[in-house]
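J.: Provided below: coords_12.tsv, containing TSV, C-alpha atoms and all ligand atoms.
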chain	number	residue	atom	x	y	z
A	268	MET	CA	0.00	0.00	0.00
A	269	LEU	CA	2.83	2.40	0.95
A	270	GLU	CA	6.38	2.06	-0.27
A	271	LEU	CA	9.37	4.35	0.27
A	272	ARG	CA	12.23	3.59	-2.11
A	273	GLU	CA	15.67	4.85	-1.18
A	274	ILE	CA	14.51	8.34	-0.28
A	275	HIS	CA	16.87	11.19	0.52
A	276	SER	CA	15.40	14.21	2.30
A	277	TYR	CA	17.02	17.45	3.35
A	278	TYR	CA	16.41	20.58	5.40
A	279	GLY	CA	18.44	23.10	3.43
A	280	ASP	CA	21.90	21.59	3.24
A	281	SER	CA	21.32	19.08	6.04
A	282	HIS	CA	21.04	15.63	4.54
A	283	ILE	CA	18.61	13.95	6.96
A	284	LEU	CA	17.13	10.83	5.33
A	285	GLN	CA	19.87	8.86	3.65
A	286	GLY	CA	18.45	6.26	1.33
A	287	LEU	CA	15.53	5.17	3.48
A	288	SER	CA	13.27	2.36	2.27
A	289	LEU	CA	10.24	0.94	4.00
A	290	GLN	CA	6.87	-0.61	3.30
A	291	VAL	CA	3.44	-0.82	4.83
A	292	GLY	CA	1.11	-3.51	3.47
A	293	LYS	CA	-2.68	-3.35	3.36
A	294	GLY	CA	-4.13	-3.85	6.83
A	295	GLU	CA	-0.68	-3.85	8.36
A	296	LEU	CA	0.39	-1.98	11.49
A	297	VAL	CA	4.03	-1.03	11.17
A	298	SER	CA	5.95	0.82	13.88
A	299	ILE	CA	9.05	2.97	13.56
A	300	LEU	CA	11.17	3.30	16.67
A	301	GLY	CA	14.21	5.47	17.17
A	302	ARG	CA	15.73	8.06	19.43
A	303	ASN	CA	15.02	11.78	19.27
A	304	GLY	CA	16.47	13.23	16.09
A	305	ALA	CA	16.67	9.87	14.27
A	306	GLY	CA	14.54	11.25	11.43
A	307	LYS	CA	11.14	9.73	12.23
A	308	THR	CA	9.13	12.93	11.76
A	309	THR	CA	11.13	13.76	8.65
A	310	THR	CA	10.06	10.38	7.28
A	311	ILE	CA	6.40	11.24	7.94
A	312	ASN	CA	6.91	14.69	6.40
A	313	SER	CA	8.50	13.12	3.35
A	314	ILE	CA	5.46	10.88	2.84
A	315	ILE	CA	2.93	13.70	3.26
A	316	GLY	CA	4.92	16.08	1.08
A	317	PHE	CA	5.90	18.72	3.66
A	318	VAL	CA	9.54	17.75	3.03
A	319	PRO	CA	9.61	16.33	-0.50
A	320	PRO	CA	12.47	13.84	-0.97
A	321	ARG	CA	15.14	15.07	-3.36
A	322	ARG	CA	15.92	11.54	-4.49
A	323	GLY	CA	14.04	8.28	-4.39
A	324	SER	CA	10.30	7.82	-4.52
A	325	VAL	CA	7.22	7.34	-2.39
A	326	LEU	CA	4.49	5.12	-3.81
A	327	PHE	CA	0.95	4.78	-2.51
A	328	ASP	CA	-1.32	2.15	-4.08
A	329	ASN	CA	1.39	1.77	-6.74
A	330	ARG	CA	1.20	5.43	-7.73
A	331	LYS	CA	4.05	7.81	-7.23
A	332	ILE	CA	3.08	10.47	-4.70
A	333	SER	CA	6.47	12.05	-4.00
A	334	GLY	CA	6.42	15.51	-5.53
A	335	LEU	CA	2.69	15.99	-4.95
A	336	PRO	CA	1.59	18.79	-2.59
A	337	PRO	CA	0.35	17.66	0.85
A	338	TYR	CA	-3.32	18.40	0.16
A	339	ARG	CA	-3.28	16.02	-2.82
A	340	VAL	CA	-1.54	13.31	-0.81
A	341	ALA	CA	-4.23	13.70	1.86
A	342	ARG	CA	-6.98	13.44	-0.76
A	343	MET	CA	-5.52	10.21	-2.08
A	344	GLY	CA	-6.27	8.67	1.30
A	345	ILE	CA	-3.39	9.30	3.69
A	346	GLY	CA	-4.40	10.68	7.10
A	347	LEU	CA	-1.96	12.29	9.50
A	348	VAL	CA	-2.02	12.46	13.28
A	349	PRO	CA	0.84	14.93	13.68
A	350	GLN	CA	3.42	15.07	16.43
A	351	GLY	CA	2.27	17.57	19.06
A	352	ARG	CA	-1.40	17.01	18.03
A	353	ARG	CA	-1.85	20.46	16.43
A	354	ILE	CA	-5.54	20.85	16.99
A	355	PHE	CA	-7.14	24.28	16.68
A	356	PRO	CA	-7.12	25.79	20.19
A	357	THR	CA	-9.94	28.29	19.70
A	358	LEU	CA	-12.32	25.91	17.91
A	359	THR	CA	-14.58	23.45	19.70
A	360	VAL	CA	-14.08	19.70	19.52
A	361	ALA	CA	-16.96	19.41	17.04
A	362	GLU	CA	-15.52	22.23	14.90
A	363	ASN	CA	-12.05	20.69	14.93
A	364	LEU	CA	-13.57	17.50	13.55
A	365	ALA	CA	-15.85	19.22	11.05
A	366	ILE	CA	-12.79	20.86	9.48
A	367	GLY	CA	-11.24	17.48	8.77
A	368	ALA	CA	-14.40	15.74	7.61
A	369	ARG	CA	-14.65	14.33	4.12
A	370	LYS	CA	-17.09	11.70	2.87
A	371	ALA	CA	-15.85	8.17	2.29
A	372	LYS	CA	-15.02	7.41	-1.33
A	373	ASN	CA	-17.43	5.34	-3.48
A	374	GLY	CA	-20.33	6.59	-1.36
A	375	ARG	CA	-19.55	3.98	1.25
A	376	GLY	CA	-22.09	4.22	4.03
A	377	ASP	CA	-19.77	2.76	6.64
A	378	GLY	CA	-17.30	5.63	6.69
A	379	TRP	CA	-16.46	7.95	9.57
A	380	SER	CA	-18.69	10.96	10.18
A	381	VAL	CA	-18.24	13.50	12.95
A	382	ASP	CA	-21.09	11.79	14.82
A	383	ARG	CA	-19.52	8.36	14.52
A	384	ALA	CA	-16.17	9.72	15.69
A	385	LEU	CA	-17.84	11.26	18.74
A	386	GLU	CA	-19.48	7.92	19.51
A	387	PHE	CA	-16.16	6.12	19.14
A	388	PHE	CA	-14.50	8.53	21.60
A	389	PRO	CA	-17.04	8.94	24.43
A	390	SER	CA	-14.76	11.36	26.28
A	391	LEU	CA	-14.99	13.70	23.26
A	392	GLN	CA	-18.76	13.37	23.05
A	393	ARG	CA	-18.95	14.88	26.56
A	394	ARG	CA	-16.52	17.65	25.58
A	395	LYS	CA	-17.89	18.38	22.15
A	396	THR	CA	-18.63	22.06	22.75
A	397	ASN	CA	-15.38	22.69	24.65
A	398	LYS	CA	-12.60	24.54	22.90
A	399	GLY	CA	-9.35	22.83	21.99
A	400	ASN	CA	-7.40	24.77	24.61
A	401	GLN	CA	-9.76	23.58	27.36
A	402	LEU	CA	-8.90	19.92	26.79
A	403	SER	CA	-6.37	17.70	28.54
A	404	GLY	CA	-3.42	16.35	26.54
A	405	GLY	CA	-5.14	12.98	26.21
A	406	GLU	CA	-8.36	14.56	24.96
A	407	GLN	CA	-6.39	16.65	22.47
A	408	GLN	CA	-4.75	13.49	21.20
A	409	MET	CA	-8.14	11.83	20.75
A	410	VAL	CA	-9.29	14.91	18.78
A	411	ALA	CA	-6.20	14.65	16.57
A	412	ILE	CA	-6.92	10.97	15.89
A	413	ALA	CA	-10.64	11.58	15.32
A	414	ARG	CA	-9.87	14.47	12.97
A	415	ALA	CA	-7.70	12.20	10.84
A	416	LEU	CA	-10.39	9.49	10.81
A	417	VAL	CA	-13.25	11.72	9.64
A	418	ALA	CA	-11.32	12.38	6.43
A	419	ASN	CA	-11.80	8.64	5.79
A	420	PRO	CA	-8.21	7.79	4.90
A	421	LYS	CA	-6.95	4.35	3.85
A	422	LEU	CA	-3.63	4.74	5.59
A	423	LEU	CA	-3.03	6.46	8.92
A	424	LEU	CA	0.31	8.01	9.85
A	425	MET	CA	0.64	8.57	13.59
A	426	ASP	CA	3.60	10.53	14.92
A	427	GLU	CA	4.26	9.85	18.61
A	428	PRO	CA	0.64	9.75	19.78
A	429	SER	CA	1.70	8.86	23.34
A	430	GLU	CA	4.13	11.76	23.76
A	431	GLY	CA	3.71	13.56	27.08
A	432	LEU	CA	0.70	11.52	28.20
A	433	ALA	CA	0.13	9.69	31.47
A	434	PRO	CA	0.37	5.87	31.42
A	435	ILE	CA	-3.37	5.41	31.82
A	436	ILE	CA	-4.01	7.60	28.75
A	437	VAL	CA	-1.29	5.80	26.81
A	438	ARG	CA	-3.21	2.58	27.45
A	439	GLU	CA	-6.36	4.20	26.02
A	440	ILE	CA	-4.43	5.29	22.92
A	441	ALA	CA	-3.07	1.76	22.57
A	442	GLU	CA	-6.60	0.40	22.70
A	443	VAL	CA	-7.76	2.87	20.03
A	444	ILE	CA	-4.87	1.83	17.77
A	445	ARG	CA	-5.70	-1.84	18.34
A	446	GLN	CA	-9.35	-1.23	17.37
A	447	LEU	CA	-8.37	0.68	14.24
A	448	LYS	CA	-6.12	-2.16	13.19
A	449	HIS	CA	-8.98	-4.57	13.86
A	450	GLU	CA	-11.14	-2.48	11.49
A	451	GLY	CA	-8.58	-3.12	8.77
A	452	TYR	CA	-6.74	0.18	8.74
A	453	SER	CA	-3.19	0.30	7.48
A	454	ILE	CA	-1.16	2.21	10.04
A	455	LEU	CA	2.37	3.58	10.21
A	456	LEU	CA	3.04	4.36	13.86
A	457	VAL	CA	6.06	6.37	14.98
A	458	GLU	CA	6.75	5.93	18.66
A	459	GLN	CA	9.42	6.30	21.31
A	460	ASN	CA	7.27	4.29	23.69
A	461	PHE	CA	8.74	0.83	23.16
A	462	HIS	CA	5.77	-1.12	24.50
A	463	LEU	CA	3.15	0.87	22.61
A	464	ALA	CA	5.14	0.50	19.38
A	465	LEU	CA	5.48	-3.25	19.79
A	466	ARG	CA	2.12	-4.10	21.25
A	467	ALA	CA	-0.05	-4.40	18.17
A	468	ALA	CA	2.57	-4.10	15.43
A	469	ASP	CA	2.97	-6.68	12.69
A	470	ARG	CA	6.47	-5.44	11.93
A	471	VAL	CA	8.88	-2.86	13.35
A	472	TYR	CA	11.62	-0.70	11.92
A	473	VAL	CA	14.35	0.94	13.98
A	474	MET	CA	15.80	4.20	12.68
A	475	ASN	CA	19.11	5.85	13.45
A	476	LYS	CA	20.69	8.88	11.78
A	477	GLY	CA	18.25	8.95	8.88
A	478	GLN	CA	18.50	5.27	8.05
A	479	ILE	CA	16.69	2.05	8.85
A	480	VAL	CA	19.11	0.01	10.95
A	481	HIS	CA	16.88	-2.89	11.91
A	482	THR	CA	13.66	-4.50	10.75
A	483	SER	CA	11.91	-7.49	12.28
A	484	THR	CA	8.82	-8.73	14.03
A	485	PRO	CA	8.09	-7.19	17.44
A	486	GLN	CA	9.04	-10.50	19.10
A	487	GLU	CA	12.45	-10.55	17.42
A	488	LEU	CA	13.16	-6.96	18.42
A	489	GLU	CA	12.02	-7.67	21.96
A	490	ALA	CA	14.64	-10.44	22.15
A	491	ASP	CA	17.43	-8.43	20.50
A	492	GLU	CA	19.28	-6.88	23.44
A	493	GLU	CA	22.02	-5.44	21.24
A	494	VAL	CA	19.72	-3.44	18.96
A	495	LYS	CA	17.62	-2.31	21.90
A	496	GLU	CA	20.63	-1.04	23.80
A	497	LYS	CA	22.47	0.47	20.85
A	498	TYR	CA	19.61	2.33	19.18
A	499	LEU	CA	16.82	2.60	21.71
A	500	GLY	CA	18.48	2.77	25.08
A	501	VAL	CA	16.05	0.15	26.40
B	601	LIG	N1	12.81	22.15	10.33
B	601	LIG	C1	14.04	21.66	10.47
B	601	LIG	N2	15.12	22.32	10.01
B	601	LIG	C2	16.37	21.83	10.14
B	601	LIG	N3	16.66	20.65	10.74
B	601	LIG	C3	15.62	19.95	11.21
B	601	LIG	C4	14.27	20.40	11.12
B	601	LIG	N4	13.45	19.48	11.69
B	601	LIG	C5	14.27	18.49	12.13
B	601	LIG	N5	15.57	18.76	11.85
B	601	LIG	C6	16.71	17.89	12.13
B	601	LIG	O1	16.53	16.66	11.43
B	601	LIG	C7	16.91	15.56	12.21
B	601	LIG	C8	15.77	14.59	12.32
B	601	LIG	O2	14.71	15.20	13.03
B	601	LIG	P1	13.28	14.54	13.19
B	601	LIG	O3	12.86	13.92	11.91
B	601	LIG	O4	12.38	15.54	13.79
B	601	LIG	O5	13.60	13.37	14.23
B	601	LIG	P2	12.64	12.52	15.17
B	601	LIG	O6	11.24	12.75	14.75
B	601	LIG	O7	13.10	11.10	14.97
B	601	LIG	O8	12.90	12.97	16.58
B	601	LIG	C9	17.39	16.12	13.56
B	601	LIG	O9	18.79	16.22	13.51
B	601	LIG	C10	16.76	17.49	13.60
B	601	LIG	O10	17.57	18.38	14.33
B	602	MG	MG	9.58	13.43	15.75
Could the structure of this file be written out as structure tokens, please?

T.:
Amino acid sequence: MLELREIHSYYGDSHILQGLSLQVGKGELVSILGRNGAGKTTTINSIIGFVPPRRGSVLFDNRKISGLPPYRVARMGIGLVPQGRRIFPTLTVAENLAIGARKAKNGRGDGWSVDRALEFFPSLQRRKTNKGNQLSGGEQQMVAIARALVANPKLLLMDEPSEGLAPIIVREIAEVIRQLKHEGYSILLVEQNFHLALRAADRVYVMNKGQIVHTSTPQELEADEEVKEKYLGV
């Protein structure tokens, strides 16, 4: 469904992604782990088109999307839950969702509407008329996930959804991710939380200095003390 082929991405003269390749299959949950500064967000930004790769290509459903502007990538069916959540602070929960909403393709009746998203996240239903800046970090994260869902994407990119949240909220996020996978979503999850990244993943990649340095099943990574210590500090 998603394939990155030997991409090279830069900020100005800084060569950040250095020939990075990865894949996410249909219905697969793939996690990327790696320390701060490894290039995880740059990878997400290279897929979405915020930081277009200078070399290599990004393919989605076998079509080349590298070089397309972000709004076109989004319309093709890639949803983003950005690092730091980035919800609109002065808009209500319902308004934040309404901005992201887009009908499911092919007139599918089973897509996500704002109402369905509010049912899926009961804590948001109760807060629906509250403004973004009146929400807790966990509620803001749920809004960010719900906002991506109501655009009815085929692939979800999630950039550190657990960042800065209390363990009990991280467990809720993990449960949401598990349910989305169960519904058949393809998900690329970037995480520094080792257990969240491994929990529901089919496969994991470890990044270091703009490259993939390890790829395996979660079980294999769990057992690989050397990789864990060298690249993850676990
Ligand atoms: N806007 C930017 N301009 C210049 N350098 C950046 C920018 N954003 C990130 N970087 C650098 O790119 C590298 C990778 O960053 P990033 O992709 O954000 O890592 P991660 O998400 O894994 O923490 C880091 O060295 C970081 O300092
Ligand atoms: Mg990041």

J.: For each of A:Thr310, A:Ser333, A:Ser380, A:Ser403, take the minimum atom-to-atom distance to A:Met425, counting only C-alpha atoms, then give the residue where this is smallest.

T.: A:Thr310

J.: Could you list the protein, DNA and RNA residues that have any atom within 12 Å of ligand LIG 601 (chain B), counting all atoms listed in the file, and write them as a PyMOL selection string?

T.: chain A and resi 276-285+299-313+317-318+349-351+425-427+430+456-459+473-479+498-499

J.: Using atom CA of A:Leu424 and atom CA of A:Lys448 as the two end points, give the distance in Å to one decimal.

T.: 12.5 Å

J.: Go through A:Ser429, A:Thr482, A:Ser453, A:Asn363 and flag the residue nearest ligand MG 602 (chain B), using all atoms listed in the file for the distances.

T.: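 Among A:Ser429, A:Thr482, A:Ser453, A:Asn363, it is A:Ser429 that comes nearest to ligand MG 602 (chain B).
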
J.: Given the choices A:Pro428, A:Gly500, A:Gly451, A:Pro420, which gets closest to ligand MG 602 (chain B) if the distance is worked out from all atoms listed in the file?

T.: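 Checking each candidate against ligand MG 602 (chain B), we get A:Pro428 as the closest.
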
J.: I'd like to know which of A:Asp469, A:Ala413, A:Val348, A:Val291 is closest to ligand MG 602 (chain B), using only C-alpha atoms and all ligand atoms.

T.: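 Closest to ligand MG 602 (chain B) of all the choices is A:Val348.
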
J.: For a test of reading the model, state the distance in Å between atom CA of A:Gly431 and atom CA of A:Gly405, rounded to one decimal.

T.: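 Interatomic distance here is 8.9 Å.
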
J.: Got a minute to add N, CA and C atoms to stretch 402-416 of chain A and dump it as a PDB file, in the frame of the given file?

T.:
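Printed below is out_5.pdb as written:
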ATOM      1  N   LEU A 402      -8.978  21.383  26.682  1.00  0.00           N
ATOM      2  CA  LEU A 402      -8.900  19.920  26.790  1.00  0.00           C
ATOM      3  C   LEU A 402      -7.581  19.495  27.424  1.00  0.00           C
ATOM      4  N   SER A 403      -7.612  18.301  28.035  1.00  0.00           N
ATOM      5  CA  SER A 403      -6.370  17.700  28.540  1.00  0.00           C
ATOM      6  C   SER A 403      -5.553  17.204  27.346  1.00  0.00           C
ATOM      7  N   GLY A 404      -4.284  16.879  27.605  1.00  0.00           N
ATOM      8  CA  GLY A 404      -3.420  16.350  26.540  1.00  0.00           C
ATOM      9  C   GLY A 404      -4.002  15.102  25.899  1.00  0.00           C
ATOM     10  N   GLY A 405      -4.553  14.216  26.741  1.00  0.00           N
ATOM     11  CA  GLY A 405      -5.140  12.980  26.210  1.00  0.00           C
ATOM     12  C   GLY A 405      -6.346  13.255  25.333  1.00  0.00           C
ATOM     13  N   GLU A 406      -7.185  14.204  25.775  1.00  0.00           N
ATOM     14  CA  GLU A 406      -8.360  14.560  24.960  1.00  0.00           C
ATOM     15  C   GLU A 406      -7.930  15.194  23.638  1.00  0.00           C
ATOM     16  N   GLN A 407      -6.890  16.045  23.706  1.00  0.00           N
ATOM     17  CA  GLN A 407      -6.390  16.650  22.470  1.00  0.00           C
ATOM     18  C   GLN A 407      -5.883  15.583  21.501  1.00  0.00           C
ATOM     19  N   GLN A 408      -5.241  14.550  22.065  1.00  0.00           N
ATOM     20  CA  GLN A 408      -4.750  13.490  21.200  1.00  0.00           C
ATOM     21  C   GLN A 408      -5.899  12.733  20.556  1.00  0.00           C
ATOM     22  N   MET A 409      -6.961  12.502  21.312  1.00  0.00           N
ATOM     23  CA  MET A 409      -8.140  11.830  20.750  1.00  0.00           C
ATOM     24  C   MET A 409      -8.751  12.686  19.633  1.00  0.00           C
ATOM     25  N   VAL A 410      -8.777  14.017  19.829  1.00  0.00           N
ATOM     26  CA  VAL A 410      -9.290  14.910  18.780  1.00  0.00           C
ATOM     27  C   VAL A 410      -8.423  14.774  17.526  1.00  0.00           C
ATOM     28  N   ALA A 411      -7.105  14.740  17.727  1.00  0.00           N
ATOM     29  CA  ALA A 411      -6.200  14.650  16.570  1.00  0.00           C
ATOM     30  C   ALA A 411      -6.428  13.340  15.807  1.00  0.00           C
ATOM     31  N   ILE A 412      -6.664  12.255  16.557  1.00  0.00           N
ATOM     32  CA  ILE A 412      -6.920  10.970  15.890  1.00  0.00           C
ATOM     33  C   ILE A 412      -8.278  11.002  15.183  1.00  0.00           C
ATOM     34  N   ALA A 413      -9.288  11.510  15.904  1.00  0.00           N
ATOM     35  CA  ALA A 413     -10.640  11.580  15.320  1.00  0.00           C
ATOM     36  C   ALA A 413     -10.661  12.462  14.079  1.00  0.00           C
ATOM     37  N   ARG A 414      -9.906  13.559  14.121  1.00  0.00           N
ATOM     38  CA  ARG A 414      -9.870  14.470  12.970  1.00  0.00           C
ATOM     39  C   ARG A 414      -9.278  13.788  11.755  1.00  0.00           C
ATOM     40  N   ALA A 415      -8.269  12.947  11.973  1.00  0.00           N
ATOM     41  CA  ALA A 415      -7.700  12.200  10.840  1.00  0.00           C
ATOM     42  C   ALA A 415      -8.718  11.185  10.315  1.00  0.00           C
ATOM     43  N   LEU A 416      -9.446  10.542  11.233  1.00  0.00           N
ATOM     44  CA  LEU A 416     -10.390   9.490  10.810  1.00  0.00           C
ATOM     45  C   LEU A 416     -11.550  10.034   9.982  1.00  0.00           C
TER      46      LEU A 416
END
